[in-house]
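Worksheet: one structure, shown below.
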Amino acid sequence: MSSASQTSLVSRLQEASLEITVHHQDGHNKPVLLAKAALALGALLTAPVRKSKQSYCRVYDTLVSLEDQGQPIGQLRVILYLEDLGPKEAYCKMASLVNVQQQAAQDLEQVQEVVNELPSSDPKGRLFDELHDLEYKVIWELENWKAHEENKFKLEMKVKEADLL
């Protein structure tokens with residue numbers, strides 16, 4: 001974070017306050033205001049820093065007095081987090097990776113739905129057979145290639161051994 005944006009964030013948090021209102025509403029009446037509270041966000045800047053797996057964050061945990069017409073009627077626990085997500089480019093890259101993972105999960109779900117919708121008279125279905133056959137073809141080609149490369153390597157080693165003797 002550049003120092004200019006950091007100072008503007010600090011000044012905005014120093015000036016801002018979190019306004020909390022507590023309402024009650026049952027199924028038949030309009031919401032009724034029970035209490036109000038205000039919390040200065042500047043205190044968030046002096047909260048202790050905690051490290052998570054991906055970033056650092058300040059955690060501000062406090063009790064706020066709820067008041068009704070100036071009279072305290074209770075307390076509310078408020079927990080605020082101010083997280084440093086790093087440079088904007090890294091955050092955008094991480095967000096795009098999350099989008100790609102979500103899209104892949106959706107695609108997998110769609111494939112599973114298609115496989116599940118295959119006719120019940122043929123439980124495996126033609127699609128399953130085609131995928132199964134393709135898998136075996138790939139495995140067969142890979143094993144043949146591996147055996148060929150192993151034989152080629154052994155032949156090269158025999159030639160080198162003969163040259164050294």
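Each chain in the structure tokens gets a letter, A, B, ..., in the order shown, and its residues are numbered from 1; ligands are numbered from 1 in order too.
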Please list as a PyMOL selection string every residue within 9 Å of region 42-49 of chain A, counting only C-alpha atoms and excluding residues in the same chain fewer than 4 positions away. chain A and resi 10-17+56-61+80-82
Assign secondary structure with DSSP using the backbone only, and return the residues of region 43-88 of chain A in strand (DSSP E) as a ChimeraX atom specification. /A:49-51,56-68,71-84
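Going from CA of Gly70 (chain A) over to CA of Lys36 (chain A), you cover 9.2 Å.
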